[in-house]
>>> print(open('protein.txt').read())   # compact mmCIF, C-alpha atoms
# COMPACT_ATOMS: atom_id res chain seq x y z
CA MET A 235 38.88 -11.69 -7.06
CA MET A 236 37.57 -12.22 -3.58
CA ASP A 237 34.91 -14.89 -3.31
CA LEU A 238 31.37 -13.87 -2.42
CA ASN A 239 31.75 -14.62 1.28
CA ALA A 240 34.89 -12.47 1.49
CA GLN A 241 33.10 -9.61 -0.31
CA TYR A 242 30.20 -10.01 2.09
CA ARG A 243 32.47 -9.85 5.16
CA ALA A 244 34.22 -6.78 3.75
CA ARG A 245 30.90 -4.91 3.72
CA LEU A 246 29.73 -6.14 7.13
CA THR A 247 29.85 -3.39 9.74
CA THR A 248 28.39 -2.11 13.00
CA PRO A 249 25.11 -0.20 13.23
CA ALA A 250 26.91 3.02 14.19
CA MET A 251 29.33 2.75 11.28
CA ALA A 252 26.53 1.97 8.86
CA ALA A 253 24.58 5.00 10.06
CA ALA A 254 27.72 7.11 9.60
CA ARG A 255 27.78 6.12 5.92
CA ILE A 256 24.61 8.20 5.39
CA PRO A 257 25.74 11.84 5.15
CA ASP A 258 24.00 15.01 6.21
CA GLY A 259 21.64 16.16 3.49
CA ALA A 260 20.98 12.61 2.26
CA ARG A 261 17.65 11.77 0.64
CA VAL A 262 16.85 8.29 1.92
CA ALA A 263 14.26 5.80 0.64
CA LEU A 264 13.02 3.87 3.67
CA SER A 265 11.55 0.47 2.84
CA LEU A 266 7.89 0.32 3.77
CA GLY A 267 6.19 -1.93 6.33
CA ALA A 268 8.11 -5.04 7.29
CA GLY A 269 11.06 -3.97 5.13
CA ALA A 270 12.24 -1.25 7.52
CA PRO A 271 15.67 -2.05 9.08
CA PRO A 272 15.24 -1.68 12.88
CA LEU A 273 18.89 -1.90 13.92
CA LEU A 274 19.89 0.80 11.46
CA LEU A 275 16.96 3.02 12.46
CA HIS A 276 18.06 2.83 16.11
CA ALA A 277 21.61 3.78 15.10
CA LEU A 278 20.44 6.73 13.01
CA ALA A 279 18.28 7.98 15.88
CA ASP A 280 21.24 7.67 18.29
CA ARG A 281 23.39 9.66 15.86
CA ALA A 282 20.75 12.39 15.64
CA ARG A 283 20.38 12.55 19.44
CA ALA A 284 24.12 13.13 19.61
CA CYS A 285 23.61 16.08 17.22
CA ALA A 286 25.72 14.27 14.62
CA ALA A 287 23.08 14.26 11.88
CA ARG A 288 21.45 17.11 10.00
CA ASP A 289 18.81 17.42 7.26
CA ILE A 290 18.45 13.71 6.47
CA ARG A 291 15.11 13.25 4.75
CA PHE A 292 13.29 9.91 4.66
CA TYR A 293 10.93 9.19 1.76
CA TYR A 294 8.61 6.26 2.32
CA MET A 295 5.14 4.74 2.49
CA LEU A 296 3.37 3.15 5.44
CA CYS A 297 6.02 3.06 8.15
CA THR A 298 5.52 0.95 11.27
CA ALA A 299 5.94 1.61 14.97
CA ILE A 300 9.72 1.03 14.89
CA ALA A 301 10.14 4.25 12.89
CA GLY A 302 8.01 6.13 15.40
CA ARG A 303 10.21 4.90 18.25
CA THR A 304 13.47 5.80 16.49
CA ILE A 305 14.01 8.20 13.57
CA PHE A 306 10.56 9.80 13.88
CA ASP A 307 10.85 10.65 17.55
CA PRO A 308 9.25 14.13 17.72
CA GLN A 309 12.44 15.46 19.31
CA LEU A 310 14.43 14.50 16.21
CA THR A 311 12.25 15.63 13.35
CA ASP A 312 14.23 18.84 12.87
CA ARG A 313 17.20 16.61 11.92
CA LEU A 314 15.61 13.40 10.63
CA ILE A 315 12.71 14.57 8.50
CA PRO A 316 9.78 12.31 7.53
CA MET A 317 8.51 12.77 3.96
CA SER A 318 5.48 10.51 3.66
CA TYR A 319 3.79 9.17 0.54
CA PHE A 320 1.26 7.30 2.69
CA HIS A 321 0.45 8.02 6.34
CA SER A 322 0.03 5.31 8.97
CA GLY A 323 -0.74 5.51 12.67
CA VAL A 324 2.77 6.85 13.26
CA GLU A 325 2.17 10.07 11.33
CA ARG A 326 -1.34 10.45 12.73
CA MET A 327 0.01 10.26 16.28
CA LEU A 328 2.81 12.73 15.50
CA ASP A 329 0.35 15.24 14.08
CA LYS A 330 -2.07 14.68 16.96
CA GLY A 331 0.71 15.26 19.45
CA ARG A 332 1.63 18.56 17.80
CA GLY A 333 -1.98 19.75 17.86
CA GLY A 334 -3.40 22.89 16.34
CA ASP A 335 -3.08 23.54 12.63
CA GLU A 336 0.60 22.65 12.31
CA PHE A 337 1.43 19.27 10.77
CA LEU A 338 4.63 17.60 11.88
CA VAL A 339 4.72 15.22 8.89
CA ASP A 340 4.30 16.55 5.38
CA TYR A 341 2.71 14.46 2.65
CA ILE A 342 3.66 13.91 -1.01
CA PRO A 343 0.62 13.11 -3.21
CA SER A 344 1.33 10.36 -5.74
CA HIS A 345 -0.13 7.25 -7.26
CA PHE A 346 1.78 4.21 -5.99
CA SER A 347 2.82 3.28 -9.54
CA GLN A 348 4.53 6.67 -9.92
CA ILE A 349 6.43 6.72 -6.62
CA PRO A 350 9.61 5.09 -8.01
CA ARG A 351 9.89 7.82 -10.64
CA SER A 352 8.98 10.45 -8.06
CA MET A 353 11.77 9.26 -5.76
CA VAL A 354 14.46 8.73 -8.40
CA GLU A 355 13.75 11.54 -10.84
CA HIS A 356 11.94 14.30 -8.96
CA VAL A 357 13.11 13.97 -5.35
CA GLY A 358 16.60 12.74 -6.20
CA VAL A 359 16.73 10.00 -3.57
CA ASP A 360 20.33 8.86 -3.21
CA THR A 361 20.15 6.17 -0.51
CA LEU A 362 18.16 2.99 0.13
CA ILE A 363 17.84 1.37 3.55
CA ALA A 364 15.98 -1.93 3.84
CA THR A 365 15.79 -5.33 5.49
CA VAL A 366 16.61 -8.16 3.07
CA SER A 367 16.90 -11.94 3.06
CA PRO A 368 20.30 -13.63 3.45
CA MET A 369 22.48 -13.63 0.34
CA ASP A 370 21.90 -16.51 -2.07
CA ASP A 371 24.58 -18.65 -3.76
CA GLU A 372 24.74 -16.25 -6.70
CA GLY A 373 25.48 -13.23 -4.52
CA PHE A 374 22.02 -11.63 -4.54
CA PHE A 375 19.78 -10.38 -1.76
CA SER A 376 16.01 -10.63 -2.09
CA LEU A 377 13.98 -7.58 -1.11
CA GLY A 378 11.53 -10.07 0.35
CA THR A 379 8.32 -8.46 1.52
CA ASN A 380 9.06 -5.14 -0.19
CA THR A 381 10.01 -4.84 -3.84
CA ASP A 382 7.66 -1.87 -4.52
CA TYR A 383 9.75 1.33 -4.92
CA ALA A 384 12.89 -0.15 -3.32
CA LEU A 385 14.11 -1.90 -6.46
CA ALA A 386 14.00 1.27 -8.57
CA VAL A 387 16.08 3.13 -5.98
CA ALA A 388 18.53 0.19 -5.72
CA ARG A 389 19.02 0.32 -9.50
CA LYS A 390 19.62 4.06 -9.64
CA PRO A 391 23.23 4.61 -10.77
CA GLY A 392 25.36 5.65 -7.82
CA ALA A 393 22.73 4.85 -5.18
CA ARG A 394 24.04 4.25 -1.69
CA ILE A 395 22.57 0.95 -0.42
CA VAL A 396 22.65 -0.15 3.21
CA PHE A 397 20.99 -3.49 3.94
CA GLU A 398 20.07 -5.18 7.19
CA VAL A 399 20.26 -8.93 6.58
CA ASN A 400 17.65 -10.95 8.44
CA ARG A 401 17.09 -14.70 8.20
CA HIS A 402 13.40 -14.14 8.98
CA MET A 403 12.93 -12.16 5.77
CA PRO A 404 11.56 -14.47 3.05
CA ARG A 405 13.54 -15.01 -0.13
CA VAL A 406 10.97 -14.19 -2.80
CA ARG A 407 10.83 -15.15 -6.48
CA GLY A 408 10.25 -12.70 -9.31
CA ASP A 409 12.13 -9.49 -10.11
CA CYS A 410 13.23 -8.44 -6.64
CA ARG A 411 16.96 -9.11 -6.26
CA VAL A 412 19.89 -6.79 -5.62
CA PRO A 413 23.51 -7.92 -6.17
CA LEU A 414 26.08 -7.77 -3.38
CA SER A 415 28.33 -5.71 -5.66
CA ASP A 416 25.85 -2.78 -5.47
CA VAL A 417 25.69 -2.72 -1.66
CA ALA A 418 27.75 -0.21 0.33
CA ALA A 419 27.27 -1.65 3.83
CA LEU A 420 25.66 -4.60 5.56
CA LEU A 421 24.30 -5.26 9.04
CA GLU A 422 23.01 -8.54 10.43
CA ASN A 423 19.96 -8.62 12.64
CA ASP A 424 17.73 -11.69 13.00
CA ALA A 425 14.81 -9.91 14.65
CA PRO A 426 11.28 -11.21 13.92
CA LEU A 427 9.55 -9.24 11.19
CA VAL A 428 6.75 -6.83 11.92
CA GLU A 429 3.40 -8.63 11.83
CA VAL A 430 0.00 -7.07 11.30
CA PRO A 431 -2.84 -9.25 12.60
CA PRO A 432 -6.09 -9.25 10.62
CA ALA A 433 -8.59 -6.64 11.76
CA PRO A 434 -11.72 -8.09 13.40
CA LEU A 435 -14.67 -8.31 11.02
CA SER A 436 -17.88 -6.52 11.96
CA PRO A 437 -21.30 -7.66 10.77
CA VAL A 438 -21.23 -4.76 8.29
CA ASP A 439 -17.86 -5.93 6.93
CA ILE A 440 -19.23 -9.44 6.50
CA ARG A 441 -22.34 -8.17 4.70
CA ILE A 442 -20.30 -6.03 2.30
CA GLY A 443 -17.94 -8.96 1.74
CA GLU A 444 -20.88 -11.16 0.78
CA ILE A 445 -22.19 -8.57 -1.69
CA ILE A 446 -18.80 -8.21 -3.36
CA ALA A 447 -18.16 -11.96 -3.42
CA GLY A 448 -21.43 -12.31 -5.31
CA LEU A 449 -20.04 -10.07 -8.06
CA VAL A 450 -16.87 -12.15 -8.53
CA ASP A 451 -17.05 -14.80 -11.25
CA ASP A 452 -15.03 -17.99 -11.25
CA GLY A 453 -11.79 -17.33 -13.12
CA ALA A 454 -11.63 -13.65 -12.10
CA CYS A 455 -8.31 -12.00 -11.22
CA LEU A 456 -8.22 -10.27 -7.83
CA GLN A 457 -6.70 -7.17 -6.32
CA MET A 458 -7.43 -6.46 -2.67
CA GLY A 459 -6.53 -3.42 -0.62
CA ILE A 460 -5.68 -3.38 3.07
CA GLY A 461 -8.09 -3.68 5.99
CA ALA A 462 -11.18 -5.47 7.23
CA LEU A 463 -13.32 -5.04 4.10
CA PRO A 464 -10.92 -6.79 1.71
CA ASP A 465 -10.42 -9.51 4.33
CA ALA A 466 -14.20 -9.98 4.45
CA VAL A 467 -14.29 -10.32 0.67
CA CYS A 468 -11.63 -13.05 0.76
CA ALA A 469 -13.64 -14.88 3.41
CA GLY A 470 -16.66 -14.79 1.10
CA LEU A 471 -14.77 -16.34 -1.82
CA HIS A 472 -13.94 -19.75 -0.36
CA HIS A 473 -16.37 -21.56 -2.69
CA HIS A 474 -15.08 -19.93 -5.88
CA ARG A 475 -12.75 -21.62 -8.35
CA ARG A 476 -9.83 -20.78 -10.64
CA LEU A 477 -9.33 -17.28 -9.24
CA GLY A 478 -6.16 -15.36 -10.03
CA ILE A 479 -4.18 -12.82 -8.02
CA HIS A 480 -2.49 -9.68 -9.39
CA THR A 481 -2.33 -7.24 -6.49
CA GLU A 482 -0.08 -4.57 -5.04
CA LEU A 483 -0.45 -6.05 -1.55
CA ILE A 484 -0.61 -9.75 -0.85
CA THR A 485 -2.46 -10.43 2.40
CA PRO A 486 -3.15 -13.43 4.62
CA GLY A 487 -6.65 -13.58 3.13
CA LEU A 488 -5.31 -13.91 -0.41
CA ALA A 489 -2.72 -16.48 0.68
CA GLU A 490 -5.51 -18.52 2.26
CA LEU A 491 -7.38 -18.55 -1.06
CA VAL A 492 -4.29 -20.11 -2.65
CA ARG A 493 -3.91 -22.69 0.14
CA ARG A 494 -7.56 -23.71 -0.28
CA GLY A 495 -7.13 -24.16 -4.02
CA VAL A 496 -9.62 -21.37 -4.69
CA ALA A 497 -6.97 -19.18 -6.34
CA ASP A 498 -4.76 -21.29 -8.60
CA ASN A 499 -4.02 -18.54 -11.15
CA SER A 500 -4.86 -20.95 -13.97
CA ALA A 501 -7.19 -18.54 -15.81
CA LYS A 502 -4.81 -15.57 -15.94
CA GLN A 503 -3.48 -14.30 -19.25
CA THR A 504 -0.16 -13.14 -17.72
CA HIS A 505 2.02 -14.93 -15.15
CA THR A 506 -0.27 -17.94 -15.39
CA GLY A 507 0.08 -20.12 -12.31
CA ALA A 508 1.59 -17.41 -10.11
CA SER A 509 0.23 -14.82 -7.68
CA ILE A 510 1.81 -11.45 -8.49
CA PHE A 511 2.37 -8.73 -5.88
CA THR A 512 4.72 -5.87 -5.03
CA PHE A 513 4.67 -5.95 -1.23
CA ALA A 514 3.48 -8.20 1.57
CA LEU A 515 2.25 -7.29 5.03
CA GLY A 516 0.58 -9.67 7.43
CA ASP A 517 1.43 -12.54 9.74
CA ARG A 518 4.26 -15.06 9.88
CA ALA A 519 2.20 -17.59 7.94
CA LEU A 520 2.00 -15.12 5.05
CA TYR A 521 5.76 -14.57 5.08
CA ASP A 522 6.30 -18.33 5.09
CA PHE A 523 3.87 -18.66 2.18
CA ILE A 524 5.85 -16.31 -0.07
CA ASP A 525 9.26 -17.72 0.97
CA ASP A 526 10.94 -19.43 -2.03
CA ASN A 527 7.52 -20.10 -3.53
CA PRO A 528 7.51 -20.07 -7.37
CA ALA A 529 3.73 -19.55 -7.24
CA ALA A 530 4.14 -16.20 -5.39
CA GLN A 531 6.29 -13.66 -7.24
CA ALA A 532 7.15 -10.04 -6.49
CA PHE A 533 7.77 -7.34 -9.09
CA PRO A 534 8.40 -3.57 -8.90
CA VAL A 535 5.35 -1.40 -8.32
CA GLU A 536 5.80 0.49 -11.58
CA TYR A 537 5.08 -2.85 -13.28
CA VAL A 538 2.51 -4.42 -10.95
CA ASN A 539 0.42 -1.24 -10.64
CA ASN A 540 0.69 -0.14 -14.25
CA PRO A 541 -2.95 -0.03 -15.44
CA ALA A 542 -1.94 -1.36 -18.87
CA VAL A 543 -0.24 -4.37 -17.25
CA ILE A 544 -3.20 -4.95 -14.92
CA ALA A 545 -5.55 -4.95 -17.92
CA ARG A 546 -3.64 -7.73 -19.67
CA ASN A 547 -5.60 -10.11 -17.47
CA ASP A 548 -9.31 -10.56 -18.15
CA ARG A 549 -12.03 -10.10 -15.52
CA VAL A 550 -9.90 -8.19 -13.04
CA VAL A 551 -11.82 -7.30 -9.88
CA SER A 552 -10.24 -4.61 -7.74
CA VAL A 553 -11.56 -3.96 -4.23
CA ASN A 554 -10.57 -0.82 -2.34
CA ALA A 555 -12.00 1.15 0.56
CA THR A 556 -12.94 4.80 0.82
CA THR A 557 -13.97 7.29 3.49
CA GLN A 558 -16.43 9.38 1.44
CA VAL A 559 -18.31 9.31 -1.86
CA ASP A 560 -19.99 12.45 -3.17
CA PHE A 561 -23.15 12.66 -5.26
CA HIS A 562 -21.10 12.68 -8.48
CA GLY A 563 -19.27 9.47 -7.56
CA ALA A 564 -15.93 11.05 -6.63
CA CYS A 565 -14.14 9.42 -3.67
CA ASN A 566 -12.04 10.82 -0.86
CA SER A 567 -10.13 7.79 0.41
CA GLU A 568 -7.32 9.47 2.37
CA PHE A 569 -8.42 12.57 4.31
CA VAL A 570 -10.33 12.57 7.63
CA ALA A 571 -11.33 15.44 9.94
CA GLY A 572 -9.25 17.98 8.07
CA ARG A 573 -6.02 15.96 8.14
CA GLN A 574 -4.18 13.53 5.93
CA PHE A 575 -5.15 10.08 7.24
CA SER A 576 -3.55 7.64 4.79
CA GLY A 577 -2.71 8.25 1.13
CA THR A 578 -3.64 7.66 -2.48
CA GLY A 579 -1.67 4.41 -2.61
CA GLY A 580 -2.53 2.22 -5.56
CA GLN A 581 -6.30 2.80 -5.53
CA VAL A 582 -6.45 4.75 -8.78
CA ASP A 583 -3.91 2.46 -10.46
CA PHE A 584 -6.23 -0.50 -9.94
CA VAL A 585 -9.50 1.38 -10.43
CA ARG A 586 -8.27 2.21 -13.93
CA GLY A 587 -6.54 -1.09 -14.65
CA ALA A 588 -9.52 -3.18 -13.57
CA TYR A 589 -11.97 -1.22 -15.69
CA MET A 590 -9.62 -1.43 -18.70
CA SER A 591 -9.60 -5.22 -18.29
CA ALA A 592 -11.99 -7.23 -20.46
CA GLY A 593 -14.99 -7.90 -18.22
CA GLY A 594 -13.27 -6.11 -15.31
CA LYS A 595 -14.96 -4.56 -12.28
CA SER A 596 -13.56 -1.76 -10.14
CA ILE A 597 -15.17 -1.74 -6.69
CA ILE A 598 -15.00 1.02 -4.08
CA ALA A 599 -16.49 -0.13 -0.78
CA CYS A 600 -17.31 1.54 2.52
CA HIS A 601 -19.60 1.32 5.51
CA SER A 602 -22.60 3.58 4.98
CA THR A 603 -21.76 5.59 8.12
CA ALA A 604 -18.81 6.71 10.20
CA ALA A 605 -18.23 8.09 13.72
CA GLY A 606 -20.58 5.64 15.40
CA GLY A 607 -23.36 6.13 12.88
CA THR A 608 -23.43 9.93 13.16
CA ILE A 609 -21.96 10.73 9.73
CA SER A 610 -23.03 9.49 6.30
CA ARG A 611 -20.20 8.40 4.03
CA ILE A 612 -22.44 9.19 1.05
CA THR A 613 -22.30 12.97 1.01
CA PRO A 614 -23.25 15.88 -1.25
CA ARG A 615 -19.64 17.16 -1.28
CA LEU A 616 -16.31 15.75 -0.21
CA SER A 617 -14.56 17.25 2.81
CA GLY A 618 -11.12 16.33 1.48
CA PRO A 619 -9.22 15.81 -1.76
CA VAL A 620 -10.46 13.66 -4.63
CA THR A 621 -8.62 10.35 -4.58
CA THR A 622 -10.64 8.59 -7.27
CA GLY A 623 -12.32 10.98 -9.69
CA ARG A 624 -15.92 10.68 -10.73
CA ASN A 625 -14.95 9.67 -14.28
CA ASP A 626 -13.06 6.64 -12.94
CA THR A 627 -15.48 5.32 -10.33
CA HIS A 628 -17.34 2.17 -11.38
CA LEU A 629 -19.13 0.23 -8.60
CA VAL A 630 -19.74 1.74 -5.15
CA ILE A 631 -20.85 -0.69 -2.46
CA THR A 632 -22.13 -0.32 1.08
CA GLU A 633 -23.96 -2.81 3.25
CA TYR A 634 -27.16 -1.58 1.54
CA GLY A 635 -26.21 -2.56 -1.98
CA VAL A 636 -24.43 -1.62 -5.19
CA ALA A 637 -24.44 1.66 -7.12
CA ASP A 638 -23.05 1.45 -10.66
CA MET A 639 -21.73 4.83 -11.77
CA LYS A 640 -21.02 3.95 -15.40
CA GLY A 641 -23.40 5.29 -18.03
CA LYS A 642 -25.34 7.39 -15.52
CA THR A 643 -26.06 11.11 -15.52
CA LEU A 644 -25.15 13.17 -12.46
CA ALA A 645 -28.74 13.01 -11.26
CA GLU A 646 -28.89 9.25 -11.78
CA ARG A 647 -25.62 8.84 -9.90
CA ALA A 648 -26.91 10.84 -6.95
CA GLN A 649 -30.09 8.78 -6.77
CA ALA A 650 -28.20 5.49 -7.01
CA LEU A 651 -25.83 6.52 -4.21
CA ILE A 652 -28.60 7.77 -1.94
CA ALA A 653 -30.28 4.36 -2.39
CA ILE A 654 -27.25 2.66 -0.77
CA ALA A 655 -26.81 5.27 1.97
CA HIS A 656 -27.91 4.48 5.51
CA PRO A 657 -31.72 4.87 5.77
CA ASP A 658 -31.34 7.40 8.60
CA PHE A 659 -29.69 9.84 6.18
CA ARG A 660 -31.57 9.26 2.96
CA GLU A 661 -34.25 11.92 3.45
CA ASP A 662 -31.69 14.64 4.18
CA LEU A 663 -29.52 13.48 1.29
CA TYR A 664 -32.47 13.60 -1.05
CA ARG A 665 -33.21 17.19 0.00
CA GLU A 666 -29.58 18.12 -0.64
CA ALA A 667 -29.69 16.46 -4.04
CA HIS A 668 -32.87 18.35 -4.90
CA ALA A 669 -31.25 21.65 -3.90
CA MET A 670 -28.30 20.77 -6.18
CA ARG A 671 -30.73 19.94 -9.04
CA LEU A 672 -29.71 16.29 -8.98
CA THR A 673 -33.17 14.78 -8.71
CA GLY A 674 -34.15 14.69 -12.36
CA ASN A 675 -34.17 16.83 -15.49
CA GLY A 676 -34.49 20.14 -13.69
>>> encode(input="protein.txt", output="structure tokens")
Amino acid sequence: MMDLNAQYRARLTTPAMAAARIPDGARVALSLGAGAPPLLLHALADRARACAARDIRFYYMLCTAIAGRTIFDPQLTDRLIPMSYFHSGVERMLDKGRGGDEFLVDYIPSHFSQIPRSMVEHVGVDTLIATVSPMDDEGFFSLGTNTDYALAVARKPGARIVFEVNRHMPRVRGDCRVPLSDVAALLENDAPLVEVPPAPLSPVDIRIGEIIAGLVDDGACLQMGIGALPDAVCAGLHHHRRLGIHTELITPGLAELVRRGVADNSAKQTHTGASIFTFALGDRALYDFIDDNPAAQAFPVEYVNNPAVIARNDRVVSVNATTQVDFHGACNSEFVAGRQFSGTGGQVDFVRGAYMSAGGKSIIACHSTAAGGTISRITPRLSGPVTTGRNDTHLVITEYGVADMKGKTLAERAQALIAIAHPDFREDLYREAHAMRLTGNG
């Protein structure tokens, strides 16, 4: 048998040849965020521009600008077709550029925990393209920042795997490795990984962060979503102790809690001593933090986001953002101005898992207003789909306080939500609630 290095060299190829390995009609899983392989994406775009590619569909979440500059060039989307499970700025710009009522990028609704099954069983994805860490001494590549749905596709029998090997990609512990023997083709490209700097915190973010931090007990287990609000919560937790981390996304804010000794994972019932995540997106310091760190472990999203697995830890606190909350407590967290803005992601996975946890708290947070203070986020009716249903919503928080939905009638929910709406809108909201018979017993 050839040794590992010889097997590696036998699979090493050029970008153009690697792109040629992906046939017309392929259904390709594109690794999300920092896991996208830029050299291969350039080669696939070049192939499509030469009219040498047809009906290649890319299934993915949260792509970055490199995809927008390559495979998702608007001139190529009749040949290289984006199939999004979670929109980012790339899809929003593509749809904006098209204008009118026609959407250039379609959207597949799914909970994050169900996307691996959706890709493998329902879509029939046959190819995985991803950036990975250099091969280890045992002949395995680490999926690094992105285990999520990539591992399920890599383990699908007969899957075509094309990896871009990058020394900047961290080698991560946990269940996130793919053997060389399963890989069809390899590229090498030591480009710096995509970094996402923290969003600046507004005074409203800081206030909401303080409110949420006050609800977190020492020894709680944390899940944080993406954006300024979860970052503000992390900033408000620096004086806590013995916190744990079980989260779909590990962020610079969560990594800082570990560095400060605030989150030592000592009180967790599962994976004690380790922060558990399924993907990472942030700055270089975050990627260095998860590199070969036994206290930071990645697992597939169907495990990490499984509500039953989440609930194995006590006192789970999940923090996620929304764009609207209606009088019943239902949340639209993904649709803005008549268009898909983001996606369901793992919000419902953790809303349910946190509330199932002994002593758990599921928090949905938002600013009280949008559009420069001209629109109330507390609203009689949603203007988009229901992301988190009214039966699942627990605590809703704005800068004006906390509304607990559990154990409340519809009228009591409406009154509690109006109380945390912006004062400029409360009178109108109360009139709407009265017209909907949500101001008392009739």
>>> closest_residue(input="protein.txt", among="A:Leu644, A:Ile479, A:Ala433, A:Ile442", to="Arg549 in chain A", atoms="only C-alpha atoms")
A:Ile479
>>> closest_residue(input="protein.txt", among="A:Val570, A:Ile510, A:Met670, A:Val535", to="Ser347 in chain A", atoms="all atoms listed in the file")
A:Val535
>>> atom_distance(input="protein.txt", atom1="CA of Ala588 in chain A", atom2="CA of Ala542 in chain A")
9.4 Å
>>> atom_distance(input="protein.txt", atom1="CA of Gln581 in chain A", atom2="CA of Ser367 in chain A")
28.8 Å
>>> residues_around(input="protein.txt", residues="Met639 in chain A", least_positions_apart="5", cutoff="9 Å", atoms="only C-alpha atoms", output="compact mmCIF listing (two decimals) with C-alpha atoms, keeping the file's coordinate frame")
# COMPACT_ATOMS: atom_id res chain seq x y z
CA HIS A 562 -21.10 12.68 -8.48
CA GLY A 563 -19.27 9.47 -7.56
CA ARG A 624 -15.92 10.68 -10.73
CA ASN A 625 -14.95 9.67 -14.28
CA ASP A 626 -13.06 6.64 -12.94
CA THR A 627 -15.48 5.32 -10.33
CA HIS A 628 -17.34 2.17 -11.38
CA LEU A 629 -19.13 0.23 -8.60
CA VAL A 630 -19.74 1.74 -5.15
CA GLU A 646 -28.89 9.25 -11.78
CA ARG A 647 -25.62 8.84 -9.90
CA ALA A 650 -28.20 5.49 -7.01
CA LEU A 651 -25.83 6.52 -4.21
>>> closest_residue(input="protein.txt", among="A:Val339, A:Val357, A:Tyr521, A:Gly323", to="Pro308 in chain A", atoms="all atoms listed in the file")
A:Val339
>>> closest_residue(input="protein.txt", among="A:Arg243, A:Arg291, A:Arg303, A:Arg261", to="Ala393 in chain A", atoms="all atoms listed in the file")
A:Arg261
>>> closest_residue(input="protein.txt", among="A:Ile305, A:Ile342, A:Ala514, A:Ile445", to="Met403 in chain A", atoms="all atoms listed in the file")
A:Ala514
>>> atom_distance(input="protein.txt", atom1="CA of Asp548 in chain A", atom2="CA of Gly516 in chain A")
27.4 Å
>>> residues_around(input="protein.txt", residues="Ser265 in chain A", least_positions_apart="4", cutoff="6 Å", atoms="all atoms listed in the file", output="PDB file with C-alpha atoms, in the coordinates of the input")
ATOM      1  CA  GLY A 269      11.060  -3.970   5.130  1.00  0.00           C
ATOM      2  CA  ALA A 270      12.240  -1.250   7.520  1.00  0.00           C
ATOM      3  CA  ALA A 364      15.980  -1.930   3.840  1.00  0.00           C
TER       4      ALA A 364
END
>>> residues_around(input="protein.txt", residues="Glu372 in chain A", least_positions_apart="5", cutoff="10 Å", atoms="only C-alpha atoms", output="list in words")
Leu238, Pro413 and Leu414 of chain A
>>> write_last_selection(input="protein.txt", atoms="C-alpha atoms", output="short mmCIF file (atom, residue, chain, number, x, y, z; two decimals), in the frame of the given file")
data_model
loop_
_atom_site.label_atom_id
_atom_site.label_comp_id
_atom_site.auth_asym_id
_atom_site.auth_seq_id
_atom_site.Cartn_x
_atom_site.Cartn_y
_atom_site.Cartn_z
CA LEU A 238 31.37 -13.87 -2.42
CA PRO A 413 23.51 -7.92 -6.17
CA LEU A 414 26.08 -7.77 -3.38
#
>>> closest_atom_pairs(input="protein.txt", of="range 356-469 of chain A", to="range 316-322 of chain A", cutoff="12 Å", atoms="all atoms listed in the file", output="tab-separated table")
residue	atom	partner	partner_atom	distance
A:Val357	CA	A:Met317	CA	10.5
A:Val359	CA	A:Met317	CA	11.5
A:Tyr383	CA	A:Tyr319	CA	11.3
A:Ile460	CA	A:Ser322	CA	12.0
>>> residues_around(input="protein.txt", residues="Val354 in chain A", least_positions_apart="5", cutoff="9 Å", atoms="all atoms listed in the file", output="ChimeraX atom specification")
/A:349,359-360,386-387,390
>>> residues_near_point(input="protein.txt", point="(18.9, -3.0, 16.6)", cutoff="8 Å", atoms="all atoms listed in the file", output="list in words")
Pro249, Pro272, Leu273, Leu274, Leu275, His276, Ala277 and Asn423 of chain A
>>> write_last_selection(input="protein.txt", atoms="C-alpha atoms", output="PDB file, keeping the file's coordinate frame")
ATOM      1  CA  PRO A 249      25.110  -0.200  13.230  1.00  0.00           C
ATOM      2  CA  PRO A 272      15.240  -1.680  12.880  1.00  0.00           C
ATOM      3  CA  LEU A 273      18.890  -1.900  13.920  1.00  0.00           C
ATOM      4  CA  LEU A 274      19.890   0.800  11.460  1.00  0.00           C
ATOM      5  CA  LEU A 275      16.960   3.020  12.460  1.00  0.00           C
ATOM      6  CA  HIS A 276      18.060   2.830  16.110  1.00  0.00           C
ATOM      7  CA  ALA A 277      21.610   3.780  15.100  1.00  0.00           C
ATOM      8  CA  ASN A 423      19.960  -8.620  12.640  1.00  0.00           C
TER       9      ASN A 423
END
>>> decode(input="protein.txt", residues="range 515-532 of chain A", atoms="C-alpha atoms", output="mmCIF file, in the first residue's frame")
data_model
loop_
_atom_site.group_PDB
_atom_site.id
_atom_site.type_symbol
_atom_site.label_atom_id
_atom_site.label_comp_id
_atom_site.auth_asym_id
_atom_site.auth_seq_id
_atom_site.Cartn_x
_atom_site.Cartn_y
_atom_site.Cartn_z
ATOM 1 C CA LEU A 515 -17.128 32.416 12.758
ATOM 2 C CA GLY A 516 -15.197 35.404 14.015
ATOM 3 C CA ASP A 517 -11.661 36.734 14.147
ATOM 4 C CA ARG A 518 -8.234 35.121 13.978
ATOM 5 C CA ALA A 519 -8.033 35.002 17.771
ATOM 6 C CA LEU A 520 -11.153 32.815 17.801
ATOM 7 C CA TYR A 521 -9.689 30.446 15.218
ATOM 8 C CA ASP A 522 -6.485 30.218 17.256
ATOM 9 C CA PHE A 523 -8.551 29.513 20.374
ATOM 10 C CA ILE A 524 -10.254 26.455 18.869
ATOM 11 C CA ASP A 525 -7.057 25.137 17.215
ATOM 12 C CA ASP A 526 -6.023 21.807 18.813
ATOM 13 C CA ASN A 527 -7.786 22.830 22.022
ATOM 14 C CA PRO A 528 -9.275 19.867 23.952
ATOM 15 C CA ALA A 529 -11.516 22.342 25.790
ATOM 16 C CA ALA A 530 -13.213 23.418 22.519
ATOM 17 C CA GLN A 531 -14.818 20.560 20.591
ATOM 18 C CA ALA A 532 -16.921 20.487 17.422
#
